[in-house]
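Data file: data_39.cif. Format and content: mmCIF, C-alpha atoms.
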```
data_start
loop_
_atom_site.label_atom_id
_atom_site.label_comp_id
_atom_site.auth_asym_id
_atom_site.auth_seq_id
_atom_site.Cartn_x
_atom_site.Cartn_y
_atom_site.Cartn_z
CA MET A 1 103.41 -42.62 99.39
CA ALA A 2 105.48 -44.55 101.87
CA THR A 3 104.85 -44.40 105.58
CA LEU A 4 106.87 -42.40 108.13
CA HIS A 5 107.26 -44.18 111.46
CA LEU A 6 108.04 -41.93 114.44
CA VAL A 7 109.53 -43.74 117.43
CA ASN A 8 109.87 -41.85 120.71
CA ARG A 9 110.98 -44.66 123.02
CA ALA A 10 113.72 -47.16 122.23
CA ARG A 11 111.61 -50.06 123.47
CA ALA A 12 108.95 -49.26 120.88
CA LEU A 13 111.41 -49.78 118.01
CA ALA A 14 111.03 -53.58 117.86
CA GLY A 15 107.29 -53.38 117.21
CA CYS A 16 107.85 -50.72 114.57
CA LEU A 17 110.48 -52.80 112.77
CA GLU A 18 108.09 -55.75 112.52
CA LEU A 19 105.56 -53.70 110.60
CA ALA A 20 107.66 -51.16 108.67
CA ALA A 21 107.86 -51.88 104.94
CA PRO A 22 111.33 -51.66 103.31
CA GLU A 23 110.43 -48.39 101.54
CA ASP A 24 109.17 -46.73 104.73
CA ALA A 25 111.20 -44.18 106.70
CA ILE A 26 111.80 -44.59 110.43
CA LEU A 27 112.69 -41.49 112.46
CA LEU A 28 113.82 -41.86 116.07
CA ILE A 29 112.98 -38.91 118.31
CA GLU A 30 113.19 -38.14 122.05
CA ASP A 31 114.18 -41.30 123.99
CA GLY A 32 113.74 -43.27 120.77
CA VAL A 33 117.25 -42.15 119.76
CA TYR A 34 118.71 -44.67 122.21
CA GLY A 35 117.64 -47.24 119.60
CA ALA A 36 120.19 -45.74 117.19
CA ILE A 37 123.34 -46.58 119.16
CA ALA A 38 125.77 -49.02 117.52
CA ALA A 39 125.18 -51.64 120.22
CA ALA A 40 121.42 -51.72 119.64
CA ALA A 41 120.53 -50.50 116.14
CA PRO A 42 118.99 -52.84 113.56
CA ALA A 43 120.59 -53.50 110.17
CA ARG A 44 118.23 -51.21 108.24
CA GLN A 45 118.64 -47.48 107.72
CA LEU A 46 117.12 -45.20 110.36
CA TYR A 47 116.92 -41.47 110.90
CA ALA A 48 117.59 -39.96 114.31
CA LEU A 49 116.69 -36.42 115.30
CA ALA A 50 119.99 -34.57 115.71
CA ALA A 51 118.98 -32.38 118.65
CA ASP A 52 117.84 -35.41 120.64
CA VAL A 53 121.07 -37.29 119.78
CA THR A 54 123.29 -34.35 120.71
CA ALA A 55 121.41 -33.60 123.92
CA ARG A 56 121.98 -37.17 125.09
CA GLY A 57 125.69 -37.29 124.16
CA LEU A 58 125.16 -40.05 121.60
CA GLU A 59 126.80 -38.61 118.47
CA GLN A 60 129.89 -40.85 118.70
CA ARG A 61 127.87 -43.89 119.65
CA LEU A 62 125.54 -44.10 116.66
CA ALA A 63 125.41 -47.08 114.31
CA HIS A 64 126.71 -46.43 110.76
CA THR A 65 123.23 -47.09 109.40
CA VAL A 66 121.82 -44.02 111.17
CA LEU A 67 121.32 -40.72 109.37
CA LEU A 68 121.01 -37.58 111.46
CA ALA A 69 117.96 -35.44 110.69
CA ASN A 70 117.71 -31.79 111.70
CA ASP A 71 114.38 -30.08 112.31
CA ALA A 72 114.02 -29.09 108.64
CA ASP A 73 114.66 -32.71 107.62
CA PHE A 74 111.95 -33.78 110.07
CA VAL A 75 109.51 -31.45 108.33
CA ALA A 76 110.61 -32.69 104.90
CA LEU A 77 110.13 -36.32 105.95
CA ALA A 78 106.67 -35.51 107.32
CA VAL A 79 105.67 -33.82 104.05
CA ALA A 80 107.06 -36.61 101.87
CA HIS A 81 105.29 -39.46 103.64
CA GLN A 82 101.73 -40.54 104.35
CA PRO A 83 100.50 -41.86 106.70
CA ILE A 84 102.61 -41.07 109.77
CA VAL A 85 102.55 -43.76 112.45
CA SER A 86 103.73 -42.93 115.98
CA TRP A 87 105.20 -45.65 118.17
CA ARG A 88 105.62 -45.15 121.90
CA MET B 1 83.36 -32.68 106.77
CA ASP B 2 86.09 -34.49 104.88
CA THR B 3 85.99 -38.24 105.05
CA LYS B 4 89.36 -39.70 105.91
CA ARG B 5 90.75 -43.20 105.66
CA LEU B 6 91.58 -43.83 109.28
CA LEU B 7 93.25 -46.91 110.74
CA PHE B 8 93.40 -47.73 114.43
CA LEU B 9 96.30 -49.99 115.32
CA LEU B 10 95.44 -51.71 118.60
CA ARG B 11 98.45 -53.31 120.30
CA GLN B 12 97.69 -53.09 124.02
CA PRO B 13 96.17 -55.87 126.15
CA PRO B 14 92.57 -55.27 127.29
CA TYR B 15 92.93 -54.77 131.08
CA GLY B 16 95.70 -53.43 133.33
CA THR B 17 95.55 -49.96 131.82
CA SER B 18 92.71 -47.94 130.33
CA HIS B 19 94.48 -47.78 126.93
CA ALA B 20 92.35 -50.40 125.22
CA LEU B 21 89.01 -48.99 126.35
CA GLU B 22 90.03 -45.43 125.47
CA ALA B 23 91.16 -46.52 122.01
CA LEU B 24 87.89 -48.39 121.42
CA GLU B 25 85.90 -45.35 122.50
CA SER B 26 87.89 -43.23 120.00
CA ILE B 27 86.99 -45.74 117.29
CA LEU B 28 83.29 -45.49 118.09
CA VAL B 29 83.52 -41.69 117.91
CA ALA B 30 85.30 -41.87 114.55
CA GLY B 31 82.52 -44.16 113.31
CA VAL B 32 79.84 -41.72 114.45
CA PHE B 33 81.56 -39.01 112.40
CA GLU B 34 81.32 -41.25 109.31
CA GLN B 35 85.03 -41.65 108.75
CA ARG B 36 86.27 -44.67 106.80
CA VAL B 37 87.57 -46.55 109.79
CA SER B 38 89.61 -49.75 109.79
CA VAL B 39 90.87 -51.52 112.89
CA LEU B 40 93.92 -53.78 113.09
CA PHE B 41 94.55 -55.83 116.24
CA ARG B 42 98.12 -57.05 116.68
CA ASP B 43 100.70 -57.95 119.35
CA ASP B 44 98.99 -58.12 122.79
CA GLY B 45 96.06 -56.19 121.29
CA VAL B 46 94.73 -59.52 119.99
CA TRP B 47 93.77 -60.39 123.60
CA GLN B 48 91.01 -57.79 123.25
CA LEU B 49 89.35 -60.13 120.73
CA VAL B 50 89.37 -63.30 122.77
CA GLY B 51 86.00 -64.67 123.88
CA GLY B 52 85.17 -65.50 127.49
CA GLN B 53 86.32 -62.20 129.06
CA ALA B 54 84.59 -61.07 132.28
CA GLY B 55 85.53 -57.45 133.01
CA GLU B 56 83.01 -57.25 135.87
CA VAL B 57 85.40 -59.34 137.99
CA LEU B 58 87.74 -56.33 137.89
CA GLY B 59 84.91 -53.83 138.21
CA THR B 60 85.28 -52.67 134.64
CA ARG B 61 83.64 -53.09 131.25
CA THR B 62 84.25 -56.25 129.29
CA ILE B 63 86.48 -55.19 126.41
CA GLY B 64 85.42 -58.15 124.26
CA LYS B 65 81.83 -56.88 124.39
CA VAL B 66 82.89 -53.38 123.33
CA VAL B 67 84.81 -54.90 120.41
CA GLN B 68 81.79 -57.00 119.52
CA ALA B 69 79.70 -53.82 119.25
CA LEU B 70 81.94 -52.23 116.58
CA PRO B 71 79.86 -53.49 113.60
CA GLN B 72 76.75 -51.87 115.15
CA TYR B 73 78.59 -48.55 114.71
CA GLU B 74 79.25 -49.42 111.07
CA ILE B 75 82.85 -50.33 111.74
CA GLU B 76 83.18 -53.49 109.74
CA ASP B 77 86.76 -53.46 108.44
CA ILE B 78 88.26 -55.39 111.33
CA TYR B 79 91.59 -57.12 110.85
CA VAL B 80 93.90 -59.16 113.03
CA CYS B 81 97.58 -60.04 112.71
CA ALA B 82 97.77 -63.77 111.94
CA THR B 83 101.27 -64.04 113.45
CA SER B 84 100.19 -62.42 116.72
CA LEU B 85 97.31 -64.92 117.01
CA ALA B 86 99.52 -67.92 116.27
CA ALA B 87 102.19 -66.78 118.75
CA ARG B 88 99.56 -66.79 121.50
CA GLY B 89 97.78 -70.02 120.55
CA ILE B 90 94.57 -68.18 119.64
CA ALA B 91 92.35 -69.63 116.90
CA LEU B 92 90.09 -67.53 114.67
CA ASN B 93 87.01 -69.16 116.14
CA ASP B 94 88.11 -68.07 119.64
CA LEU B 95 87.39 -64.46 118.64
CA VAL B 96 84.33 -62.45 119.69
CA LEU B 97 83.67 -61.42 116.09
CA PRO B 98 84.91 -62.42 112.64
CA ALA B 99 88.15 -60.49 112.15
CA GLN B 100 90.04 -60.94 108.90
CA PRO B 101 93.52 -62.39 109.49
CA LEU B 102 96.37 -60.61 107.66
CA ASP B 103 100.02 -61.49 107.17
CA VAL B 104 102.67 -58.78 107.58
CA GLY B 105 102.68 -57.86 103.89
CA ALA B 106 98.91 -57.32 103.90
CA GLN B 107 99.22 -55.23 107.09
CA GLN B 108 101.86 -53.04 105.43
CA ALA B 109 99.56 -52.56 102.43
CA LEU B 110 96.66 -51.69 104.75
CA ILE B 111 98.77 -49.02 106.49
CA ALA B 112 100.06 -47.63 103.20
CA GLY B 113 96.49 -47.03 102.05
CA GLN B 114 95.56 -44.81 105.01
CA GLN B 115 95.57 -41.06 105.48
CA VAL B 116 95.74 -41.26 109.26
CA VAL B 117 96.99 -44.04 111.52
CA VAL B 118 96.32 -43.97 115.27
CA ASN B 119 98.68 -46.33 117.08
CA ASP B 120 97.77 -46.98 120.70
#
```
Whole structure, structure tokens version:
Amino acid sequence: MATLHLVNRARALAGCLELAAPEDAILLIEDGVYGAIAAAAPARQLYALAADVTARGLEQRLAHTVLLANDADFVALAVAHQPIVSWR
Amino acid sequence: MDTKRLLFLLRQPPYGTSHALEALESILVAGVFEQRVSVLFRDDGVWQLVGGQAGEVLGTRTIGKVVQALPQYEIEDIYVCATSLAARGIALNDLVLPAQPLDVGAQQALIAGQQVVVND
């Protein structure tokens, strides 16, 4: 199974990207979603938790590589991956 | 009790905050409970491994000595990020114990083989 990386601060994203394998999933949550804006996001695909994006007014600012995940998607990602690595 | 494959990812420098010591204490506890524990030092966490530390100057424990004690708690799978060492000018024989250097691909494989990863 591939790894799920959970990033809850934007500044933790760089360290995560260094270690994430190409097949791994990266989900930005809480203040991690600031790492998903077009001006900052890396070239690879990322997930961002929709509620945290909406709450911060970032929906129109996201990079094209970012997929929004709702709470059910979060659960599905957690079930489909092992281990889960949190970055903060 | 189930035995789990458990990796501690240690990325914080040894002094300044209590993160490093708390993480090391968690590792010792995991070892006592006979989990299959691996430890990977990377980023500023590699400073925990450097010899010549003197925590008593700051009135605290010497983190290098705590690290050195890991094998006595049957924690013997100790790895270090080769890139993090090179970036800081640290040689393998500067370390307080023999840690196995890994490139990024080997670190990704190590993570993929775990059930639980604790990232400090």
**Study point:** chain A contacts to chain B at 7 Å (only C-alpha atoms) as a list in words
**Key:**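 My answer is Ala2, Thr3, Leu19, Ala20, Ala21, Gln82, Pro83, Ile84, Val85, Ser86 and Trp87 of chain A.
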Check your understanding: So how far away is atom CA of B:Pro13 from atom CA of B:Ala30, in Å?
Key -> 21.2 Å
Check your understanding: Nearest to B:Pro101: which of B:Glu25, B:Val39, B:Leu58, B:Val80 is it, counting all atoms listed in the file?
Key ->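 Comparing B:Glu25, B:Val39, B:Leu58, B:Val80 against B:Pro101, the winner is B:Val80.
Between atom CA of A:Ala50 and atom CA of A:Ala69 the separation is 5.5 Å.
The residues caught by the PyMOL selection byres ((chain B and resi 35) around 9) in this file are B:Asp2, B:Thr3, B:Lys4, B:Arg5, B:Leu6, B:Ala30, B:Gly31, B:Val32, B:Phe33, B:Glu34, B:Arg36, B:Val37.
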Practice item. Just say which residues the PyMOL selection byres ((chain A and resi 71) around 12) picks in this file, as number ranges by chain. Key: A: 27, 29, 47-52, 68-70, 72-78
Check your understanding: If you measure from atom CA of A:Gly15 to atom CA of B:Ala99, what distance in Å do you get, rounded to one decimal?
Key ->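 Computed distance, atom CA of A:Gly15 to atom CA of B:Ala99, equals 21.0 Å.
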Review point. Of the residues A:Ala40, A:Ala80, A:Cys16, A:Val7, which is the one nearest to A:Leu28, using all atoms listed in the file?
Key: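 Result for the nearest residue to A:Leu28: A:Val7.
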**Study point:** Pick from A:Ala43, A:Ile26, A:Ala38, A:Val33 nearest to A:Arg56, counting all atoms listed in the file
**Key:**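 Closest residue, counting all atoms listed in the file: A:Val33.
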Review point. What residues come out when you apply the PyMOL selection byres ((chain A and resi 64) around 10) to this file, written as JSON, numbers by chain?
Key: {"A": [36, 37, 38, 41, 43, 45, 46, 61, 62, 63, 65, 66, 67]}
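By only C-alpha atoms, and with residues fewer than 4 positions from B:Ala20 along its chain excluded, the set lying at most 8 Å from it is Leu10, Gln12, Pro13, Pro14, Tyr15, Leu24, Gly45, Gln48, Ile63 and Asp120 of chain B.
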